[in-house]
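Student: File my_file.txt follows (compact mmCIF, C-alpha atoms):
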```txt
# COMPACT_ATOMS: atom_id res chain seq x y z
CA MET L 1 -19.46 -9.29 16.35
CA SER L 2 -17.93 -7.87 19.51
CA THR L 3 -19.96 -5.63 21.81
CA PRO L 4 -18.26 -2.35 22.83
CA LEU L 5 -17.07 -2.25 26.42
CA ILE L 6 -16.93 0.55 28.93
CA GLU L 7 -14.28 0.10 31.59
CA ALA L 8 -15.80 0.86 35.00
CA PRO L 9 -13.85 0.71 38.28
CA VAL L 10 -14.84 -1.95 40.79
CA SER L 11 -13.84 -2.29 44.43
CA GLY L 12 -10.17 -3.09 44.73
CA GLY L 13 -9.29 -0.83 41.77
CA ALA L 14 -9.79 -3.47 39.06
CA ALA L 15 -11.55 -2.55 35.84
CA LEU L 16 -14.92 -4.04 35.04
CA GLY L 17 -15.95 -4.49 31.40
CA VAL L 18 -19.53 -3.36 30.96
CA SER L 19 -21.23 -4.55 27.82
CA CYS L 20 -23.59 -1.97 26.32
CA ARG L 21 -26.25 -3.49 24.12
CA GLY L 22 -29.21 -1.96 22.36
CA ALA L 23 -32.61 -1.85 24.01
CA GLY L 24 -34.32 -5.20 24.22
CA SER L 25 -31.18 -7.26 23.62
CA GLU L 26 -29.91 -9.83 26.05
CA THR L 27 -27.02 -9.04 28.32
CA GLY L 28 -24.33 -11.50 29.06
CA SER L 29 -20.66 -12.00 29.63
CA ASP L 30 -18.55 -11.91 26.49
CA GLY L 31 -15.23 -12.39 28.19
CA PRO L 32 -13.21 -12.49 31.39
CA GLY L 33 -13.87 -9.58 33.71
CA GLU L 34 -17.06 -8.58 31.90
CA ARG L 35 -20.26 -8.41 33.93
CA GLU L 36 -23.88 -8.25 32.95
CA LEU L 37 -25.43 -4.81 33.26
CA GLY L 38 -27.71 -6.16 35.99
CA SER L 39 -24.87 -7.51 38.12
CA PRO L 40 -24.43 -6.55 41.79
CA GLU L 41 -20.94 -5.18 41.04
CA LEU L 42 -22.60 -2.33 39.15
CA GLY L 43 -24.90 -1.55 42.05
CA ASN L 44 -28.13 -2.28 40.21
CA GLN L 45 -30.79 -4.93 40.38
CA GLY L 46 -31.02 -6.25 36.86
CA PRO L 47 -34.08 -5.94 34.68
CA GLY L 48 -36.52 -3.45 36.13
CA GLY L 49 -33.97 -2.21 38.70
CA PRO L 50 -33.09 1.43 39.17
CA ASP L 51 -30.00 1.33 36.92
CA ASN L 52 -30.61 -1.71 34.75
CA ASP L 53 -28.79 -0.19 31.78
CA VAL L 54 -25.58 1.73 32.38
CA CYS L 55 -25.04 3.07 28.85
CA PRO L 56 -28.34 4.93 28.44
CA ASN L 57 -27.85 6.49 31.89
CA ILE L 58 -24.36 7.68 30.98
CA GLY L 59 -25.53 8.81 27.54
CA GLU L 60 -28.43 10.76 28.97
CA ALA L 61 -26.22 12.50 31.54
CA LEU L 62 -23.65 13.42 28.87
CA ALA L 63 -26.39 14.71 26.55
CA GLU L 64 -27.76 16.91 29.34
CA VAL L 65 -24.29 18.38 29.94
CA VAL L 66 -23.76 19.03 26.22
CA VAL L 67 -27.16 20.72 25.82
CA ALA L 68 -26.55 22.88 28.90
CA MET L 69 -23.11 23.88 27.59
CA ILE L 70 -24.49 24.76 24.16
CA ARG L 71 -27.13 26.95 25.77
CA LYS L 72 -24.40 28.90 27.58
CA LEU L 73 -22.62 29.77 24.32
CA PRO L 74 -23.40 32.91 22.35
CA ARG L 75 -25.89 32.23 19.55
CA ASP L 76 -24.02 34.26 16.97
CA MET L 77 -22.83 31.25 14.97
CA SER L 78 -24.22 27.85 14.00
CA LEU L 79 -22.82 24.77 15.72
CA THR L 80 -21.46 23.51 12.40
CA SER L 81 -19.65 26.80 11.73
CA SER L 82 -18.19 26.70 15.23
CA SER L 83 -17.16 23.08 14.72
CA VAL L 84 -15.41 23.96 11.45
CA LEU L 85 -13.47 26.78 13.13
CA SER L 86 -12.55 24.44 15.96
CA ARG L 87 -11.36 21.80 13.48
CA LEU L 88 -9.28 24.39 11.57
CA GLU L 89 -7.75 25.64 14.81
CA ARG L 90 -6.98 22.10 16.01
CA ASN L 91 -5.83 20.49 12.74
CA GLY L 92 -4.69 23.43 10.60
CA PRO L 93 -5.70 24.27 7.01
CA ALA L 94 -7.98 21.77 5.27
CA ARG L 95 -9.54 21.13 1.89
CA LEU L 96 -13.13 22.26 1.62
CA GLY L 97 -14.28 18.76 0.58
CA ASP L 98 -12.52 17.18 3.58
CA LEU L 99 -14.27 19.65 5.91
CA ALA L 100 -17.64 18.79 4.35
CA LEU L 101 -17.00 15.08 4.83
CA ALA L 102 -15.79 15.55 8.42
CA GLU L 103 -18.86 17.63 9.34
CA GLY L 104 -21.30 15.34 7.54
CA ILE L 105 -22.67 17.98 5.19
CA THR L 106 -22.65 18.42 1.40
CA GLN L 107 -19.84 20.24 -0.35
CA PRO L 108 -22.17 23.04 -1.57
CA SER L 109 -23.39 23.55 2.03
CA MET L 110 -19.79 23.68 3.27
CA SER L 111 -18.93 26.12 0.52
CA ALA L 112 -21.74 28.45 1.68
CA LEU L 113 -20.66 28.06 5.32
CA ILE L 114 -17.03 28.90 4.43
CA ALA L 115 -18.19 31.89 2.36
CA HIS L 116 -19.87 33.24 5.50
CA LEU L 117 -16.79 32.60 7.67
CA VAL L 118 -14.67 34.42 5.07
CA LYS L 119 -17.16 37.32 4.97
CA VAL L 120 -16.97 37.83 8.76
CA GLY L 121 -13.17 37.50 8.70
CA TYR L 122 -12.81 34.19 10.58
CA ALA L 123 -11.39 32.16 7.68
CA VAL L 124 -9.63 32.56 4.34
CA ARG L 125 -9.92 30.48 1.18
CA ASN L 126 -6.80 29.68 -0.83
CA VAL L 127 -6.24 27.71 -3.99
CA ASP L 128 -4.90 24.23 -3.25
CA PRO L 129 -1.33 24.24 -4.66
CA SER L 130 -1.49 20.47 -5.29
CA ASP L 131 -4.80 20.72 -7.20
CA ARG L 132 -5.65 24.14 -8.64
CA ARG L 133 -9.36 23.17 -8.72
CA GLY L 134 -9.41 22.59 -4.96
CA VAL L 135 -9.80 25.06 -2.11
CA ILE L 136 -7.83 25.10 1.13
CA VAL L 137 -9.51 26.81 4.09
CA GLU L 138 -7.54 28.34 6.95
CA ILE L 139 -8.59 30.04 10.18
CA THR L 140 -7.55 33.70 10.58
CA SER L 141 -6.28 35.51 13.67
CA GLU L 142 -9.82 36.93 14.03
CA GLY L 143 -11.17 33.38 13.93
CA LEU L 144 -8.67 32.32 16.60
CA SER L 145 -9.70 35.28 18.75
CA TYR L 146 -13.37 34.37 18.34
CA ARG L 147 -12.63 30.77 19.39
CA ALA L 148 -10.71 32.00 22.45
CA LYS L 149 -13.66 34.19 23.52
CA ARG L 150 -16.06 31.26 23.14
CA ARG L 151 -13.78 29.08 25.26
CA LEU L 152 -13.64 31.76 27.98
CA THR L 153 -17.44 32.04 28.00
CA LEU L 154 -17.81 28.29 28.30
CA SER L 155 -15.04 28.00 30.90
CA ALA L 156 -16.75 30.63 33.06
CA ALA L 157 -20.07 28.77 32.89
CA ILE L 158 -18.43 25.42 33.65
CA GLY L 159 -16.36 26.97 36.45
CA GLU L 160 -19.51 28.30 38.08
CA ALA L 161 -21.20 24.90 37.91
CA VAL L 162 -18.12 23.00 39.10
CA GLY L 163 -17.68 25.49 41.95
CA ALA L 164 -21.03 24.35 43.35
CA LEU L 165 -19.85 20.71 43.65
CA THR L 166 -18.83 19.13 46.92
CA GLU L 167 -15.24 17.92 47.26
CA GLU L 168 -16.42 14.32 46.81
CA GLU L 169 -18.42 15.20 43.67
CA LEU L 170 -15.44 17.08 42.24
CA SER L 171 -13.14 14.10 42.90
CA SER L 172 -15.61 11.79 41.14
CA LEU L 173 -15.83 14.16 38.19
CA LEU L 174 -12.03 14.43 37.88
CA ALA L 175 -11.73 10.64 38.04
CA ALA L 176 -14.21 10.38 35.14
CA VAL L 177 -12.29 12.76 32.82
CA PRO L 178 -10.11 10.07 31.14
CA GLY L 179 -13.18 7.92 30.46
CA LEU L 180 -15.11 10.90 29.09
CA LYS L 181 -12.23 11.72 26.74
CA MET L 182 -12.16 8.09 25.59
CA ILE L 183 -15.92 8.16 24.92
CA ALA L 184 -15.56 11.41 22.94
CA GLY L 185 -12.77 9.89 20.84
CA LYS L 186 -14.70 6.69 20.15
CA LEU L 187 -17.84 8.65 19.20
CA ALA L 188 -15.79 10.80 16.81
CA ASP L 189 -14.16 7.68 15.32
CA SER L 190 -17.47 5.86 14.87
CA ALA L 191 -18.92 8.86 13.06
CA GLY L 192 -16.02 8.65 10.59
CA ARG L 193 -15.05 12.20 11.44
CA PRO L 194 -11.51 13.34 12.23
```
Could you spell out this file's structure in structure tokens?

Tutor:
Amino acid sequence: MSTPLIEAPVSGGAALGVSCRGAGSETGSDGPGERELGSPELGNQGPGGPDNDVCPNIGEALAEVVVAMIRKLPRDMSLTSSSVLSRLERNGPARLGDLALAEGITQPSMSALIAHLVKVGYAVRNVDPSDRRGVIVEITSEGLSYRAKRRLTLSAAIGEAVGALTEEELSSLLAAVPGLKMIAGKLADSAGRP
């Protein structure tokens, strides 16, 4: 079984494959260009060193950012409801069962969630023309407006935080954006969610 790799830049611009293993497992090189997590190229000292495991450090930092962002959002809607609206905005109308599967909740729970979104005017339910027993859910213009307001609130909070960074910190953050997007995509894929 192959261990997932994170591509990390090394001096000279080459990419370094970093193998992320679970706690207590051995680290080692699985292929060319891959280094152990305790290798000098990663700037750590191996077991017991300050950064002896890259993945938990990255994961913890990302979790802290996510929690801080969530705390900046209005608390007028559950995270799952917001995620459903986001999915409908991004992917277009969807079957209720597909939304339940994508969000990792039961179909009755999704049905109740959609009923609330319909009640507040953020979504509409339509009969699925290909299967009259099915329901297709679509975001409304009010739902799109709500999503836009949430994005503005979050953008303002992020802008304030980013504005406090030094030029060097901002450059490092911008350089990390492609890797962060890749991580987000892989996490979404591994959860089996579109």

Student: Which residues, protein or nucleic acid, reach to within 6 Å of (-6.9, 31.3, 2.6) in the file's coordinates when using only C-alpha atoms, and can you give that as a PyMOL selection string?

Tutor: chain L and resi 124-126+137-138

Student: Which residues come within 12 Å of stretch 100-107 of chain L, counting all atoms listed in the file, excluding same-chain residues fewer than 2 positions away, as a PyMOL selection string?

Tutor: chain L and resi 79-88+91+94-98+109-114+134-135+137+188-194

Student: Hey, could you pull the box centre and edge lengths for stretch 177-189 of chain L, axis-aligned, 8 Å padding per side, all listed atoms, to one decimal in Å, as JSON?

Tutor:
```
{"center_x": -14.0, "center_y": 9.7, "center_z": 24.1, "size_x": 23.7, "size_y": 22.1, "size_z": 33.5}
```

Student: Identify the residues within 12 Å of coordinate (-24.3, 30.2, 30.1) (same frame as the file), considering all atoms listed in the file, and give the answer as a PyMOL selection string.

Tutor: chain L and resi 65-75+150-161

Student: To one decimal place in Å, what is the distance between atom CA of L:Ala176 and atom CA of L:Ala61?

Tutor: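 Rounded to one decimal, the two atoms are 12.7 Å apart.
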
Student: What is the atom CA of L:Met77 to atom CA of L:Tyr122 distance in Å?

Tutor: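 Computing it gives 11.3 Å between the two atoms.
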
Student: Return the single residue from L:Leu174, L:Val162, L:Leu117, L:Leu62 that is closest to L:Thr140, with distances computed using only C-alpha atoms.

Tutor: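 Of L:Leu174, L:Val162, L:Leu117, L:Leu62, the one nearest L:Thr140 is L:Leu117, counting only C-alpha atoms.
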